[in-house]
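Report on the structure given below.
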Amino acid sequence: MHPAEYPCAKGGGKMGDEQARDGKPFDPMDPWRGMRDAYLDVWAKTMVEAVNSEAYAQASGAILDSYLTASSPFREAVEKTMLKVLEQLSMPSRADFVSLAERMTNVEMRLDDMDAKLDSILQRVSKTAPAERMKPPSAPRQRNRTAKAAPKKKGAR
Amino acid sequence: MAGAPVLTDPYTLAVNRLKTLSKVMTTRAAIAQTPKEVVWTLNKAKLYRYVPVVPKEKRHRTPLLLVFALMNRPYILDLRPGHSFVEYMVKNGYDVYLLDWGVPGPEDKNLKFDDYTLEYMPRAIRKLKAVSGSEEFSLLGWCIGAILATIYAALRGGDDLRNLILLTAPLDFSNKESLTFARWVDERYFDVDKVLGAFGNMPGEMIDYGAKALKPVENYIGSYVKLWENLGDPRIVEAWHAMNTWVTDNVPLAGGAFRQLIVDLYRNDKLMSGEFVIRGEHVDLNRIRANLLTVIAESDHITPPCQSEPIMSKVSSRDKELFRVNGGHIGIMAGSGASKHTWPHVNGWLGARSK
């Protein structure tokens, strides 16, 4: 929808008592507005038919094609010159930035894959953890001596 | 106050009108005001989650993902407070997510429907599930977003895709006589490779021109005439300003996706005929089993009803409905009548299927 679709009051051309009953003052521009709207309606219908024709499609295609053909040598020349200038200045070109951006997107995808795997692991852990807690206590475990902190060596900080 | 200007004098009124006109023509309206947070990003795409306003126990269980077109800003779904579909759905107890495709740059010129439907959407949906804690979700696609939603539903929409809503979906391109765009992009007149060779992506301005040229007098003249006549009505001016902000905020369409849209869809109607191939997989619409609501705008000049109707007989969904609304392509969701017709119907249909 374009803003054109919003409601708009149209003039009626009423005068005298009729106008007083409406509470609207007489506007001498109302008849002109009516004519203008009628003209716009006719013009709009004509234009819709025109743009819907084969001739319009052909003409617009030809205009676009000639623009692209005409601008192509200039565009290529500017691109080549710009590339040389940037090379001379040891500055990255558009192609370099494009390549970097593509690599960034690939890195983002890898990160997203890792995020998905991490989510999946966390989900499994959170599902199994309550089950572990619900298990009845088994035989007392032996104390794991190796887990104890080794005595500090002399000179160790 | 003595000496103060009389507000009704013609000079002051004219100055005020010109000031209002200048403001709405040169500034951006405050749009997309519903509070949201970014929960996922990839390249230019972002997934937003709108902050729920309904307590969790009263909310619908199935989250809703909104997917809009690639070449327009998605904030048309959240245009302005009191006139926002997103705000309406959030207030009605939905956990709403919006996938914003962003603005493609030169590095994205090769992005195709394949990438959007098999790389971006599945990842965003995975995140949606992780954030919402729900294994099921509903998907709403509008315009080109409806094409993406349909392709996703056919290729990856398993049991987790519960509800599919397609708004003004351009899916069937067989009726060339009814499609002005199809005539314009006919291979005899329009060289898609030459255009993309020059620009990389399809420029937003050219897409905007194409959309407006379908109704040139209304869009280039009538719109401004009506604004001029209603400059004294703040309600209409505010609505016009917000819509104009959206209409003039154009986004280019990634070259690869544009080529597919023109060659595979507009010229060869591959989606409906089952010949559309995405990364080696045929898009078989018969594989869509989700509950389906197709919304058609009766006066749509961009996507005529004949483009959206045929999907109803192609899908396997047992629960499906075709809903017709009086209005235009955008007007059915963002126009003054949307909150009375389209939104309540979508809410009622989805609410019954989101428990």
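The chains in the structure tokens are called A, B, ... from first to last as shown; in each chain the residues are counted from 1, and the ligands are counted from 1 in the order shown.
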Expected answer as a CSV table (one decimal) with N, CA and C atoms, in the first residue's frame: helix (DSSP H, G or I) residues in region 112-350 of chain B:
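Output contents, as saved in out_24.csv:
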```
chain,number,residue,atom,x,y,z
B,113,PHE,N,17.9,-18.5,-2.9
B,113,PHE,CA,16.8,-19.0,-2.0
B,113,PHE,C,17.4,-20.2,-1.3
B,114,ASP,N,18.3,-20.9,-1.9
B,114,ASP,CA,18.9,-22.1,-1.2
B,114,ASP,C,19.5,-21.7,0.1
B,115,ASP,N,20.3,-20.6,0.1
B,115,ASP,CA,21.0,-20.2,1.3
B,115,ASP,C,19.9,-19.7,2.3
B,116,TYR,N,19.0,-18.9,1.9
B,116,TYR,CA,18.0,-18.4,2.9
B,116,TYR,C,17.2,-19.5,3.5
B,117,THR,N,16.8,-20.5,2.7
B,117,THR,CA,15.9,-21.5,3.3
B,117,THR,C,16.6,-22.7,3.9
B,118,LEU,N,17.9,-22.9,3.5
B,118,LEU,CA,18.6,-24.1,4.1
B,118,LEU,C,19.7,-23.7,5.0
B,119,GLU,N,20.1,-22.5,5.0
B,119,GLU,CA,21.2,-22.1,5.9
B,119,GLU,C,20.7,-21.1,7.0
B,120,TYR,N,20.0,-20.1,6.6
B,120,TYR,CA,19.6,-19.1,7.5
B,120,TYR,C,18.4,-19.5,8.3
B,121,MET,N,17.3,-19.9,7.6
B,121,MET,CA,16.1,-20.2,8.3
B,121,MET,C,16.2,-21.4,9.3
B,122,PRO,N,16.9,-22.5,9.0
B,122,PRO,CA,17.0,-23.6,10.0
B,122,PRO,C,17.8,-23.2,11.2
B,123,ARG,N,18.8,-22.3,11.0
B,123,ARG,CA,19.6,-21.9,12.1
B,123,ARG,C,18.8,-20.9,13.0
B,124,ALA,N,18.1,-20.0,12.4
B,124,ALA,CA,17.2,-19.1,13.2
B,124,ALA,C,16.2,-19.9,13.9
B,125,ILE,N,15.6,-20.9,13.3
B,125,ILE,CA,14.6,-21.7,13.9
B,125,ILE,C,15.1,-22.5,15.1
B,126,ARG,N,16.3,-23.0,14.9
B,126,ARG,CA,17.0,-23.7,16.0
B,126,ARG,C,17.1,-22.8,17.2
B,127,LYS,N,17.6,-21.6,17.0
B,127,LYS,CA,17.7,-20.6,18.1
B,127,LYS,C,16.4,-20.3,18.7
B,128,LEU,N,15.4,-20.1,17.8
B,128,LEU,CA,14.0,-19.8,18.3
B,128,LEU,C,13.6,-20.9,19.3
B,129,LYS,N,13.8,-22.2,18.9
B,129,LYS,CA,13.4,-23.3,19.8
B,129,LYS,C,14.2,-23.3,21.1
B,130,ALA,N,15.5,-23.0,21.0
B,130,ALA,CA,16.3,-22.9,22.2
B,130,ALA,C,15.8,-21.8,23.2
B,131,VAL,N,15.5,-20.7,22.6
B,131,VAL,CA,15.1,-19.5,23.4
B,131,VAL,C,13.7,-19.7,24.0
B,132,SER,N,12.8,-20.2,23.2
B,132,SER,CA,11.4,-20.4,23.6
B,132,SER,C,11.2,-21.6,24.4
B,144,ILE,N,7.5,-12.3,-0.7
B,144,ILE,CA,8.6,-13.2,-1.0
B,144,ILE,C,8.9,-14.0,0.3
B,145,GLY,N,8.6,-13.5,1.5
B,145,GLY,CA,8.8,-14.2,2.7
B,145,GLY,C,7.9,-15.5,2.7
B,146,ALA,N,6.8,-15.4,2.0
B,146,ALA,CA,5.9,-16.5,1.9
B,146,ALA,C,6.5,-17.6,1.0
B,147,ILE,N,7.2,-17.1,-0.1
B,147,ILE,CA,7.9,-18.1,-0.9
B,147,ILE,C,8.9,-18.9,-0.1
B,148,LEU,N,9.7,-18.1,0.7
B,148,LEU,CA,10.7,-18.7,1.5
B,148,LEU,C,10.1,-19.7,2.6
B,149,ALA,N,9.0,-19.3,3.2
B,149,ALA,CA,8.3,-20.1,4.2
B,149,ALA,C,7.8,-21.4,3.5
B,150,THR,N,7.3,-21.3,2.3
B,150,THR,CA,6.7,-22.4,1.6
B,150,THR,C,7.8,-23.4,1.3
B,151,ILE,N,9.0,-22.9,0.8
B,151,ILE,CA,10.1,-23.8,0.4
B,151,ILE,C,10.6,-24.4,1.7
B,152,TYR,N,10.7,-23.7,2.7
B,152,TYR,CA,11.2,-24.3,4.0
B,152,TYR,C,10.3,-25.4,4.5
B,153,ALA,N,9.0,-25.1,4.4
B,153,ALA,CA,8.0,-26.0,4.9
B,153,ALA,C,8.0,-27.3,4.0
B,154,ALA,N,8.3,-27.2,2.7
B,154,ALA,CA,8.3,-28.3,1.9
B,154,ALA,C,9.6,-29.2,2.1
B,155,LEU,N,10.7,-28.5,2.4
B,155,LEU,CA,12.0,-29.2,2.5
B,155,LEU,C,12.3,-29.6,3.9
B,176,LYS,N,0.3,-15.8,-17.0
B,176,LYS,CA,1.2,-14.7,-17.4
B,176,LYS,C,0.3,-13.5,-17.7
B,177,GLU,N,-0.9,-13.7,-18.2
B,177,GLU,CA,-1.7,-12.5,-18.6
B,177,GLU,C,-2.0,-11.6,-17.4
B,178,SER,N,-2.1,-12.2,-16.2
B,178,SER,CA,-2.5,-11.4,-15.0
B,178,SER,C,-1.3,-10.8,-14.3
B,180,THR,N,1.7,-8.4,-14.5
B,180,THR,CA,2.4,-7.4,-15.2
B,180,THR,C,3.9,-7.6,-15.1
B,181,PHE,N,4.4,-7.9,-13.9
B,181,PHE,CA,5.8,-8.2,-13.7
B,181,PHE,C,6.4,-9.2,-14.7
B,182,ALA,N,5.6,-10.3,-14.9
B,182,ALA,CA,6.0,-11.4,-15.8
B,182,ALA,C,6.2,-10.8,-17.2
B,183,ARG,N,5.4,-9.9,-17.6
B,183,ARG,CA,5.5,-9.3,-18.9
B,183,ARG,C,6.8,-8.5,-19.0
B,184,TRP,N,7.1,-7.7,-17.9
B,184,TRP,CA,8.2,-6.8,-17.9
B,184,TRP,C,9.5,-7.6,-17.9
B,192,VAL,N,18.5,-10.4,-17.4
B,192,VAL,CA,18.7,-10.4,-16.0
B,192,VAL,C,20.2,-10.5,-15.7
B,193,ASP,N,21.0,-11.2,-16.6
B,193,ASP,CA,22.4,-11.3,-16.3
B,193,ASP,C,23.1,-10.0,-16.6
B,194,LYS,N,22.7,-9.3,-17.5
B,194,LYS,CA,23.3,-8.0,-17.8
B,194,LYS,C,23.1,-7.0,-16.6
B,195,VAL,N,21.9,-7.0,-16.1
B,195,VAL,CA,21.5,-6.2,-15.0
B,195,VAL,C,22.4,-6.6,-13.7
B,196,LEU,N,22.4,-7.8,-13.5
B,196,LEU,CA,23.2,-8.3,-12.3
B,196,LEU,C,24.7,-8.1,-12.5
B,197,GLY,N,25.1,-8.3,-13.8
B,197,GLY,CA,26.5,-8.0,-14.1
B,197,GLY,C,26.9,-6.6,-13.8
B,198,ALA,N,26.0,-5.7,-14.0
B,198,ALA,CA,26.3,-4.3,-13.7
B,198,ALA,C,26.2,-3.9,-12.2
B,199,PHE,N,25.2,-4.5,-11.6
B,199,PHE,CA,24.9,-4.0,-10.2
B,199,PHE,C,25.3,-5.1,-9.1
B,204,GLY,N,17.6,-1.6,-4.7
B,204,GLY,CA,16.3,-1.3,-4.1
B,204,GLY,C,15.5,-0.3,-4.9
B,205,GLU,N,16.2,0.7,-5.4
B,205,GLU,CA,15.5,1.8,-6.1
B,205,GLU,C,14.8,1.2,-7.4
B,206,MET,N,15.4,0.3,-8.0
B,206,MET,CA,14.8,-0.3,-9.2
B,206,MET,C,13.6,-1.1,-8.9
B,207,ILE,N,13.7,-1.9,-7.8
B,207,ILE,CA,12.6,-2.7,-7.3
B,207,ILE,C,11.4,-1.8,-6.9
B,208,ASP,N,11.8,-0.7,-6.2
B,208,ASP,CA,10.8,0.3,-5.8
B,208,ASP,C,10.1,0.9,-7.0
B,209,TYR,N,10.9,1.2,-8.1
B,209,TYR,CA,10.3,1.8,-9.3
B,209,TYR,C,9.3,0.8,-9.9
B,210,GLY,N,9.8,-0.5,-9.9
B,210,GLY,CA,8.9,-1.5,-10.5
B,210,GLY,C,7.6,-1.6,-9.8
B,211,ALA,N,7.6,-1.6,-8.5
B,211,ALA,CA,6.4,-1.7,-7.7
B,211,ALA,C,5.5,-0.5,-7.9
B,212,LYS,N,6.1,0.7,-7.9
B,212,LYS,CA,5.3,1.9,-8.1
B,212,LYS,C,4.8,2.1,-9.5
B,213,ALA,N,5.5,1.6,-10.5
B,213,ALA,CA,5.1,1.8,-11.9
B,213,ALA,C,3.9,0.9,-12.2
B,216,PRO,N,1.2,4.0,-11.6
B,216,PRO,CA,2.1,5.2,-11.6
B,216,PRO,C,1.3,6.4,-11.1
B,217,VAL,N,0.1,6.6,-11.6
B,217,VAL,CA,-0.6,7.9,-11.2
B,217,VAL,C,-0.9,7.9,-9.7
B,218,GLU,N,-1.4,6.8,-9.2
B,218,GLU,CA,-1.7,6.8,-7.7
B,218,GLU,C,-0.4,7.0,-6.9
B,219,ASN,N,0.7,6.3,-7.3
B,219,ASN,CA,1.9,6.4,-6.5
B,219,ASN,C,2.7,7.6,-6.6
B,220,TYR,N,2.7,8.2,-7.8
B,220,TYR,CA,3.6,9.4,-8.0
B,220,TYR,C,2.8,10.7,-7.9
B,221,ILE,N,1.5,10.7,-8.1
B,221,ILE,CA,0.8,11.9,-8.0
B,221,ILE,C,-0.4,11.9,-7.0
B,222,GLY,N,-1.2,10.9,-7.1
B,222,GLY,CA,-2.4,10.8,-6.2
B,222,GLY,C,-2.1,10.8,-4.7
B,223,SER,N,-1.0,10.1,-4.4
B,223,SER,CA,-0.6,10.0,-3.0
B,223,SER,C,-0.3,11.4,-2.4
B,224,TYR,N,0.4,12.2,-3.2
B,224,TYR,CA,0.8,13.5,-2.7
B,224,TYR,C,-0.3,14.5,-2.7
B,225,VAL,N,-1.2,14.3,-3.7
B,225,VAL,CA,-2.4,15.2,-3.7
B,225,VAL,C,-3.2,15.0,-2.5
B,226,LYS,N,-3.4,13.7,-2.1
B,226,LYS,CA,-4.2,13.4,-1.0
B,226,LYS,C,-3.5,13.8,0.3
B,227,LEU,N,-2.2,13.7,0.4
B,227,LEU,CA,-1.5,14.2,1.6
B,227,LEU,C,-1.7,15.7,1.7
B,228,TRP,N,-1.6,16.4,0.6
B,228,TRP,CA,-1.8,17.9,0.6
B,228,TRP,C,-3.2,18.2,1.2
B,229,GLU,N,-4.2,17.5,0.7
B,229,GLU,CA,-5.5,17.8,1.1
B,229,GLU,C,-5.8,17.5,2.6
B,234,PRO,N,-4.0,15.5,11.8
B,234,PRO,CA,-2.8,14.8,12.3
B,234,PRO,C,-2.9,13.3,12.2
B,235,ARG,N,-4.1,12.7,12.3
B,235,ARG,CA,-4.2,11.3,12.3
B,235,ARG,C,-3.7,10.7,10.9
B,236,ILE,N,-4.2,11.4,9.9
B,236,ILE,CA,-3.9,10.9,8.5
B,236,ILE,C,-2.4,11.3,8.2
B,237,VAL,N,-2.0,12.4,8.6
B,237,VAL,CA,-0.6,12.8,8.4
B,237,VAL,C,0.4,11.8,9.0
B,238,GLU,N,0.1,11.4,10.3
B,238,GLU,CA,0.9,10.5,11.0
B,238,GLU,C,1.0,9.1,10.3
B,239,ALA,N,-0.2,8.7,9.9
B,239,ALA,CA,-0.2,7.4,9.1
B,239,ALA,C,0.6,7.5,7.8
B,240,TRP,N,0.4,8.6,7.1
B,240,TRP,CA,1.1,8.8,5.8
B,240,TRP,C,2.6,8.8,6.1
B,241,HIS,N,3.0,9.5,7.1
B,241,HIS,CA,4.4,9.7,7.4
B,241,HIS,C,5.1,8.3,7.7
B,242,ALA,N,4.4,7.5,8.5
B,242,ALA,CA,4.9,6.2,8.8
B,242,ALA,C,5.0,5.3,7.6
B,243,MET,N,4.0,5.3,6.8
B,243,MET,CA,4.0,4.5,5.6
B,243,MET,C,5.0,4.9,4.6
B,244,ASN,N,5.1,6.3,4.5
B,244,ASN,CA,6.1,6.8,3.5
B,244,ASN,C,7.6,6.5,4.0
B,245,THR,N,7.8,6.4,5.3
B,245,THR,CA,9.1,6.0,5.8
B,245,THR,C,9.4,4.6,5.3
B,246,TRP,N,8.4,3.8,5.4
B,246,TRP,CA,8.7,2.4,5.0
B,246,TRP,C,8.8,2.2,3.5
B,247,VAL,N,8.0,2.9,2.8
B,247,VAL,CA,8.0,2.8,1.3
B,247,VAL,C,9.3,3.3,0.7
B,255,GLY,N,21.7,-10.8,-5.7
B,255,GLY,CA,21.6,-11.2,-7.1
B,255,GLY,C,21.2,-12.6,-7.4
B,256,GLY,N,21.7,-13.5,-6.6
B,256,GLY,CA,21.4,-14.9,-6.8
B,256,GLY,C,19.9,-15.2,-6.6
B,257,ALA,N,19.3,-14.6,-5.6
B,257,ALA,CA,17.9,-14.8,-5.3
B,257,ALA,C,17.0,-14.1,-6.4
B,258,PHE,N,17.5,-12.9,-6.8
B,258,PHE,CA,16.8,-12.2,-7.9
B,258,PHE,C,16.7,-13.0,-9.2
B,259,ARG,N,17.9,-13.6,-9.5
B,259,ARG,CA,17.9,-14.4,-10.7
B,259,ARG,C,16.9,-15.6,-10.6
B,260,GLN,N,16.9,-16.3,-9.5
B,260,GLN,CA,16.0,-17.4,-9.3
B,260,GLN,C,14.5,-16.9,-9.4
B,261,LEU,N,14.3,-15.7,-8.8
B,261,LEU,CA,12.9,-15.2,-8.8
B,261,LEU,C,12.4,-15.0,-10.3
B,262,ILE,N,13.3,-14.4,-11.1
B,262,ILE,CA,12.9,-14.1,-12.4
B,262,ILE,C,12.9,-15.3,-13.3
B,263,VAL,N,14.1,-16.0,-13.3
B,263,VAL,CA,14.2,-17.1,-14.3
B,263,VAL,C,13.4,-18.4,-13.9
B,264,ASP,N,13.5,-18.8,-12.6
B,264,ASP,CA,12.9,-20.0,-12.2
B,264,ASP,C,11.4,-19.8,-11.9
B,265,LEU,N,11.0,-18.7,-11.4
B,265,LEU,CA,9.6,-18.5,-11.0
B,265,LEU,C,8.8,-17.7,-12.0
B,266,TYR,N,9.2,-16.4,-12.2
B,266,TYR,CA,8.4,-15.6,-13.1
B,266,TYR,C,8.4,-16.2,-14.5
B,267,ARG,N,9.5,-16.7,-15.0
B,267,ARG,CA,9.5,-17.2,-16.4
B,267,ARG,C,9.1,-18.6,-16.6
B,270,LYS,N,8.5,-22.7,-11.8
B,270,LYS,CA,9.0,-24.1,-11.4
B,270,LYS,C,8.5,-24.5,-10.1
B,271,LEU,N,8.1,-23.6,-9.2
B,271,LEU,CA,7.7,-23.9,-7.9
B,271,LEU,C,6.4,-24.8,-7.9
B,272,MET,N,5.4,-24.3,-8.7
B,272,MET,CA,4.1,-25.0,-8.7
B,272,MET,C,4.2,-26.3,-9.5
B,273,SER,N,5.1,-26.3,-10.5
B,273,SER,CA,5.2,-27.5,-11.3
B,273,SER,C,6.1,-28.6,-10.7
B,285,LEU,N,5.6,-29.5,-2.9
B,285,LEU,CA,4.6,-28.9,-2.1
B,285,LEU,C,3.7,-29.9,-1.4
B,286,ASN,N,3.7,-31.1,-1.9
B,286,ASN,CA,2.8,-32.1,-1.4
B,286,ASN,C,3.4,-32.6,0.0
B,287,ARG,N,4.6,-32.2,0.3
B,287,ARG,CA,5.2,-32.6,1.6
B,287,ARG,C,4.8,-31.7,2.7
B,305,PRO,N,-4.7,-12.6,-6.7
B,305,PRO,CA,-5.1,-13.9,-6.0
B,305,PRO,C,-4.8,-15.2,-6.7
B,306,CYS,N,-4.7,-15.1,-8.1
B,306,CYS,CA,-4.5,-16.3,-8.8
B,306,CYS,C,-3.1,-16.9,-8.5
B,307,GLN,N,-2.2,-16.1,-7.9
B,307,GLN,CA,-0.9,-16.6,-7.6
B,307,GLN,C,-0.9,-17.4,-6.3
B,308,SER,N,-1.8,-17.1,-5.4
B,308,SER,CA,-1.8,-17.7,-4.1
B,308,SER,C,-2.8,-18.9,-3.9
B,309,GLU,N,-3.9,-18.9,-4.7
B,309,GLU,CA,-5.0,-19.9,-4.6
B,309,GLU,C,-4.5,-21.3,-4.8
B,310,PRO,N,-3.7,-21.6,-5.9
B,310,PRO,CA,-3.5,-23.0,-6.2
B,310,PRO,C,-2.7,-23.8,-5.2
B,311,ILE,N,-2.0,-23.2,-4.3
B,311,ILE,CA,-1.3,-24.0,-3.3
B,311,ILE,C,-2.3,-24.8,-2.4
B,312,MET,N,-3.5,-24.4,-2.3
B,312,MET,CA,-4.4,-25.1,-1.4
B,312,MET,C,-4.6,-26.5,-1.9
B,313,SER,N,-4.6,-26.8,-3.2
B,313,SER,CA,-4.8,-28.1,-3.7
B,313,SER,C,-3.5,-28.9,-3.8
B,331,GLY,N,-1.8,-3.2,2.3
B,331,GLY,CA,-3.0,-2.7,3.1
B,331,GLY,C,-3.7,-3.7,4.0
B,332,ILE,N,-3.7,-5.0,3.6
B,332,ILE,CA,-4.4,-6.0,4.4
B,332,ILE,C,-3.7,-6.2,5.7
B,333,MET,N,-2.4,-5.9,5.8
B,333,MET,CA,-1.8,-6.1,7.1
B,333,MET,C,-1.4,-4.8,7.8
B,334,ALA,N,-1.2,-3.7,7.0
B,334,ALA,CA,-0.8,-2.5,7.6
B,334,ALA,C,-1.7,-1.3,7.3
B,342,THR,N,-8.0,-8.6,9.1
B,342,THR,CA,-6.9,-9.6,9.0
B,342,THR,C,-6.4,-10.1,10.3
B,343,TRP,N,-6.0,-9.1,11.2
B,343,TRP,CA,-5.3,-9.5,12.4
B,343,TRP,C,-6.2,-10.4,13.3
B,344,PRO,N,-7.5,-10.0,13.5
B,344,PRO,CA,-8.3,-10.9,14.4
B,344,PRO,C,-8.5,-12.2,13.8
B,345,HIS,N,-8.6,-12.3,12.5
B,345,HIS,CA,-8.7,-13.7,11.9
B,345,HIS,C,-7.5,-14.5,12.1
B,346,VAL,N,-6.3,-13.9,11.8
B,346,VAL,CA,-5.1,-14.6,12.0
B,346,VAL,C,-4.9,-15.1,13.5
B,347,ASN,N,-5.3,-14.1,14.4
B,347,ASN,CA,-5.2,-14.4,15.8
B,347,ASN,C,-6.1,-15.6,16.2
B,348,GLY,N,-7.4,-15.5,15.7
B,348,GLY,CA,-8.3,-16.6,16.0
B,348,GLY,C,-7.9,-17.9,15.5
B,349,TRP,N,-7.5,-17.9,14.2
B,349,TRP,CA,-7.0,-19.2,13.6
B,349,TRP,C,-5.8,-19.8,14.3
B,350,LEU,N,-4.8,-18.9,14.5
B,350,LEU,CA,-3.6,-19.4,15.1
B,350,LEU,C,-3.8,-19.7,16.6
```
Polymer residues at most 7 Å from Pro104 (chain B), only C-alpha atoms, same-chain spacing of 6 or more positions, as a short mmCIF file (atom, residue, chain, number, x, y, z; two decimals) with C-alpha atoms, in the first residue's frame:
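The result, stored in result21.cif:
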```
data_model
loop_
_atom_site.label_atom_id
_atom_site.label_comp_id
_atom_site.auth_asym_id
_atom_site.auth_seq_id
_atom_site.Cartn_x
_atom_site.Cartn_y
_atom_site.Cartn_z
CA LYS B 44 23.28 -9.39 7.92
CA PRO B 252 18.55 -4.39 -2.63
CA ALA B 254 20.67 -10.43 -3.47
#
```
Quick one: everything within 10 Å of region 94-107 of chain A, counting only C-alpha atoms, minus sequence neighbours fewer than 2 positions away in the same chain. Send it as a VMD selection string.
(chain A and resid 79 82 to 83 86 91 to 92 109 to 113) or (chain B and resid 42 to 44 105 to 109)
Selected residue of minimal separation from Thr81 (chain A) among A:Arg124, A:Ser93, A:Trp32, A:Asp27, counting only C-alpha atoms
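Looking only at the distances to Thr81 (chain A), the closest residue turns out to be A:Ser93.
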Work out how far CA of Leu253 (chain B) is from CA of Lys112 (chain B), in Å to one decimal.
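Result for CA of Lys112 (chain B) versus CA of Leu253 (chain B): 9.9 Å, one decimal.
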Which distance in Å separates CA of Leu322 (chain B) and CA of Asn163 (chain B), to one decimal?
13.8 Å
Determine the nearest neighbour of Asp319 (chain B) from the options B:His282, B:Ala290, B:Ala69, B:Leu161, counting only C-alpha atoms.
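Among the listed residues, the smallest separation from Asp319 (chain B) belongs to B:Ala290.
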Distance in Å - CA of Asp95 (chain B) versus CA of Pro63 (chain B)
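Atom-to-atom, CA of Asp95 (chain B) and CA of Pro63 (chain B) are spaced 4.8 Å apart.
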